[in-house]
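Take a look at the structure below.
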Amino acid sequence: MAKLAGKILIVVLLGGFLGATLVRFAPGFGVDEEELDTRLNNQSVQAMRDAQGHDRNLLAFYSRYLAQLLHGDLGVSRTLQRPVSQLLAERFPETLKSVGLGLLVGWSLALPLAIAVVMSRAWLLDTLSNLLVSLLLCVPAAVLALLFVLEQVPARLLLSLVVFPKVFRYSRSLLARSSSLPHVLTARAKGLGNMRVLAWHILPTAAPQLVALAGVSLSLAFAAAIPVEALCDLPGIGQLAWKAALGRDVELLVNLTMIVTLVTLLANSASDLAGKYFRTGDA
Amino acid sequence: MKWARLISIGLLVLVAAACLLANFLAPAPYAHQFRDLPNAAPSHQHFLGTDDLGRDRFSRVLYGTRVSLLLAPAAALLSSLLAGLIGGFAGFVGGWTERIVMAATDLFLSLPWLFLLITVRAILPLNVAPMTSVVITFALLGCLGWAGAARVICADARTFSQSDFVLLARASGSSGFRLLWRHLIPNLKPILFAQFWISIPVFILTEANLGILGLGVAEPLPSWGSLLRELESFSSGSTQPWQFVPLILFIVVVSSFHLVLTKQELPA
């Protein structure tokens with residue numbers, strides 16, 4: 001556990017450094033439009049440049065940032081002129097709501113449908129669900145966002161359409177593989193009902209991979225949140241990341257990169273651990 | 001599903017041929033404006049009508065499809081080559097080199113792909129010439145899309161480098177480079193080929209996402225991203241359903257790639 005935590009910490013710190021590096025070497029970094037204001041004299045312009053000077057040295061910036069972070073200070077956003085911690089406190093719950101709802105609705109649609117397809121073995125249901133899923137997999141998240149805006153459908157539901165096809169496809173394949181195992185065939189041959197076979201023999205076998213899929217789907221929903229929030233004007237961290245990247249806001253982008261990396265790693269690690277727990281339980 | 005695969009291949013060939021012959025098939029250049037006919041309905045002159053700037057939509061669909069269909073494979077080739085070089089080398093050498101390379105790969109994979117891509121693209125200059133934007137967009141896709149494939153290739157390269165035939169080749173006095181060139185790379189080819197095919201529809205979808213956000217190929221050069229962006233101006237009460245033709249073509253092409261892939265994916 002300590003090794004895993006250490007690994008996560010190192011990757012998160014490296015992720016933050018990668019974010020800082022990207023912004024530092026981006027064309028237009030350190031250029032402030034306010035400098036063009038003709039009402040400012042040379043001294044004011046120089047003062048503004050000096051204020052940004054410490055961000056130009058990447059290592060100095062990152063070590064200063066980490067020292068501040070240890071004291072709970074996430075810095076101040078240059079473009080929005082507000083403390084990053086305040087922005088995150090406002091925006092993170094919005095993204096969590098969207099991602100949470102997307103995952104809940106996506107999984108609630110995908111898993112029962114996958115179970116119905118595998119258990120019923122009905123050709124028509126299988127074909128129709130495959131067609132629907134193939135269609136959704138071929139439509140970019142940004143197009144779905146545009147269509148949701150046009151039809152005035154609540155944008156929070158959009159992430160469920162991103163999660164649903166992937167969860168359905170993988171869970172269907174996992175359940176189909178489990179249902180063809182010899183012990184399941186034996187259970188069927190002995191006359192066990194569908195529900196009993198599912199609950200006692202198919203789902204427990206597929207559980208570790210389904211849990212791993214949950215971790216992956218969280219990361220997927222988080223990634224899709226950026227175009228969705230940017231296009232649907234949802235005030236979450238996806239939209240914040242979008243603004244930070246466009247404004248070369250190094251403080252904000254480093255924090256967001258670290259948060260996104262942390263969430264992804266935590267989700268993947270938690271699903272790995274849960275999967276191991278299930279496997280140990282089976283053994 | 002053999003018939004579905006054959007139909008998909010046929011459709012892809014048809015679309016690719018139409019795009020390559022765009023210079024002959026398109027009734028007008030993609031940037032030419034018919035200023036008297038903005039938002040025109042389909043006619044003999046304009047098969048899919050015109051967009052809000054009066055440009056022939058059919059011509060733009062042909063040229064846009066050409067941009068996306070030529071450059072997504074190019075980006076997929078770049079990412080597969082990078083994955084082959086990085087993953088193959090790490091798996092072949094093993095030890096600390098492999099650990100360091102895989103740690104870097106893990107770092108890339110821990111950042112969601114779309115987040116990384118949108119962030120990097122937004123950081124790069126946006127007001128650039130159309131051809132520069134094409135190069136930036138697809139080079140970025142190629143340069144950032146290698147990590148997942150590198151992990152798969154590294155695992156396979158490690159397995160091959162520990163296999164009996166490599167051991168026999170080593171015992172026969174084969175050097176490191178000869179082993180790599182004559183024994184490892186030929187065995188990695190099917191995996192690289194599968195990764196290449198898997199990447200194409202992913203890159204087409206990603207370019208569309210970038211284009212809709214205004215981060216893709218710059219105007220007036222069309223691409224699927226910019227063509228799909230036109231849906232912004234569509235309203236539920238609109239009487240222009242032909243605006244959806246680029247989306248339908250997009251879905252047909254991407255799903256055809258998925259159907260062709262089904263068999264290709266197996267080696268991975």
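Residues are named by chain letter and number: chains run A, B, ... in the order of the structure tokens, numbers start at 1 in each chain, and ligands are numbered from 1 in the order shown.
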
Close residues, A:Met258 itself excluded, 10 Å, only C-alpha atoms, min 6 positions apart in chain, as an mmCIF file with N, CA and C atoms, in the first residue's frame:
data_model
loop_
_atom_site.group_PDB
_atom_site.id
_atom_site.type_symbol
_atom_site.label_atom_id
_atom_site.label_comp_id
_atom_site.auth_asym_id
_atom_site.auth_seq_id
_atom_site.Cartn_x
_atom_site.Cartn_y
_atom_site.Cartn_z
ATOM 1 N N LEU A 9 2.188 9.316 -5.785
ATOM 2 C CA LEU A 9 2.716 10.647 -5.475
ATOM 3 C C LEU A 9 3.752 11.083 -6.518
ATOM 4 N N VAL A 11 4.149 9.996 -9.619
ATOM 5 C CA VAL A 11 3.543 10.228 -10.942
ATOM 6 C C VAL A 11 2.766 11.552 -10.943
ATOM 7 N N VAL A 12 2.065 11.853 -9.842
ATOM 8 C CA VAL A 12 1.310 13.117 -9.771
ATOM 9 C C VAL A 12 2.266 14.309 -9.850
ATOM 10 N N LEU A 13 3.398 14.227 -9.109
ATOM 11 C CA LEU A 13 4.371 15.323 -9.140
ATOM 12 C C LEU A 13 4.981 15.483 -10.532
ATOM 13 N N LEU A 14 5.272 14.345 -11.163
ATOM 14 C CA LEU A 14 5.808 14.403 -12.526
ATOM 15 C C LEU A 14 4.771 14.967 -13.498
ATOM 16 N N GLY A 15 3.510 14.597 -13.284
ATOM 17 C CA GLY A 15 2.421 15.130 -14.112
ATOM 18 C C GLY A 15 2.342 16.641 -14.001
ATOM 19 N N GLY A 16 2.447 17.134 -12.782
ATOM 20 C CA GLY A 16 2.439 18.589 -12.554
ATOM 21 C C GLY A 16 3.603 19.253 -13.246
ATOM 22 N N PHE A 17 4.790 18.604 -13.162
ATOM 23 C CA PHE A 17 5.987 19.164 -13.806
ATOM 24 C C PHE A 17 5.824 19.174 -15.322
ATOM 25 N N LEU A 18 5.195 18.116 -15.832
ATOM 26 C CA LEU A 18 4.940 18.045 -17.278
ATOM 27 C C LEU A 18 4.021 19.202 -17.701
ATOM 28 N N GLY A 19 2.978 19.447 -16.897
ATOM 29 C CA GLY A 19 2.047 20.555 -17.184
ATOM 30 C C GLY A 19 2.776 21.892 -17.191
ATOM 31 N N THR A 264 -7.308 10.011 -11.889
ATOM 32 C CA THR A 264 -7.165 8.845 -12.768
ATOM 33 C C THR A 264 -6.418 7.723 -12.054
ATOM 34 N N LEU B 111 -2.516 10.526 -17.588
ATOM 35 C CA LEU B 111 -3.229 11.742 -18.016
ATOM 36 C C LEU B 111 -4.250 11.333 -19.073
#

How close does chain B get to chain A? List, as a tab-separated table, each residue of chain B within 9 Å, its nearest atom pair and the distance in Å to one decimal, counting only C-alpha atoms.
residue	atom	partner	partner_atom	distance
B:Ala103	CA	A:Val11	CA	8.4
B:Ala104	CA	A:Val11	CA	9.0
B:Asp106	CA	A:Val11	CA	8.0
B:Leu107	CA	A:Val11	CA	6.0
B:Phe108	CA	A:Gly15	CA	8.3
B:Ser110	CA	A:Thr261	CA	5.5
B:Leu111	CA	A:Thr261	CA	5.3
B:Pro112	CA	A:Ala223	CA	5.4
B:Trp113	CA	A:Ala223	CA	7.0
B:Leu114	CA	A:Ala223	CA	5.6
B:Phe115	CA	A:Ala223	CA	5.5
B:Leu116	CA	A:Thr257	CA	8.6
B:Ile118	CA	A:Trp242	CA	7.6
B:Thr119	CA	A:Ala245	CA	5.4
B:Val120	CA	A:Leu22	CA	7.1
B:Arg121	CA	A:Ala245	CA	8.5
B:Ala122	CA	A:Leu246	CA	5.3
B:Ile123	CA	A:Ala245	CA	5.5
B:Leu124	CA	A:Ala26	CA	6.0
B:Pro125	CA	A:Pro27	CA	6.5
B:Pro201	CA	A:Cys138	CA	8.5
B:Leu205	CA	A:Pro140	CA	5.6
B:Thr206	CA	A:Pro140	CA	7.4
B:Ala208	CA	A:Pro140	CA	6.6
B:Asn209	CA	A:Ala142	CA	5.3
B:Leu210	CA	A:Ala142	CA	8.3
B:Ile212	CA	A:Ala142	CA	6.4
B:Leu213	CA	A:Pro227	CA	7.1
B:Leu228	CA	A:Val143	CA	7.1
B:Arg229	CA	A:Val143	CA	7.9
B:Leu231	CA	A:Leu146	CA	7.1
B:Glu232	CA	A:Leu146	CA	6.3
B:Ser233	CA	A:Leu150	CA	8.9
B:Phe234	CA	A:Leu150	CA	7.4
B:Ser235	CA	A:Leu150	CA	6.1
B:Ser236	CA	A:Glu151	CA	6.5
B:Leu247	CA	A:Val139	CA	8.1
B:Phe250	CA	A:Cys138	CA	7.8
B:Ile251	CA	A:Cys138	CA	5.3
B:Val252	CA	A:Cys138	CA	8.2
B:Val253	CA	A:Cys138	CA	8.7
B:Val254	CA	A:Cys138	CA	5.8
B:Ser255	CA	A:Cys138	CA	6.1
B:His258	CA	A:Ser134	CA	8.4

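Our summary of the geometry notes that atom CA of A:Asp233 is positioned 25.7 Å from atom CA of B:Gln240.
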
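Counting only C-alpha atoms, the residue from A:Leu40, A:Met119, A:Ala110, A:Ala267 that sits nearest to A:Gly193 is A:Met119.
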
Would you mind listing what lies within 6 Å of B:Val134 as a list of chain:residue names, with only C-alpha atoms counted and same-chain residues fewer than 3 positions away left out? B:Met131, B:Thr137, B:Val217

Convert the current residue selection to file output with C-alpha atoms, as a tab-separated table (two decimals), in the first residue's frame.
chain	number	residue	atom	x	y	z
B	131	MET	CA	-1.58	23.75	-43.78
B	137	THR	CA	-3.01	18.73	-35.39
B	217	VAL	CA	-7.62	22.38	-38.97

Skip A:Val163 itself and residues of its chain fewer than 4 positions away, then list as a PyMOL selection string all residues within 12 Å of it, counting only C-alpha atoms. chain A and resi 98-111+133+136-137+141+157-159+167-171+213-225

Excluding stretch 197-208 of chain A and its own-chain neighbours fewer than 5 positions away, which residues fall within 9 Å of it when counting only C-alpha atoms? Please give them as a ChimeraX atom specification. /A:115,119,171,174-179,181,183-184,187-188,192,213,271-272,274-279,282

Write down as a ChimeraX atom specification the residues belonging to stretch 54-251 of chain A that are assigned helix (DSSP H, G or I) by DSSP computed on the backbone. /A:58-70,84-120,123-138,141-151,155-179,182-189,194-232,237-246,250-251

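The neighbours of B:His32 here are the residues that come within 10 Å of it, using only C-alpha atoms and leaving out any residue fewer than 6 positions away in the same chain; they are Leu53, Gly54, Arg55, Asp56, Ser59, Arg60 and Pro220 of chain B.
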
Would you kindly return, as a list in words, each protein, DNA or RNA residue with an atom no farther than 12 Å from any atom of B:Phe34, considering only C-alpha atoms and excluding same-chain residues fewer than 2 positions away? Pro27, Ala28, Pro29, Tyr30, Ala31, His32, Asp36, Leu37, Pro38, Asn39, Ala40, Gln45, His46, Gly49, Thr50, Asp51, Asp52, Leu53, Gly54, Arg55, Asp56 and Arg57 of chain B

So the first atom is atom CA of B:Leu168 and the second is atom CA of B:Cys154; what is the distance between them in Å, to one decimal place? 21.0 Å
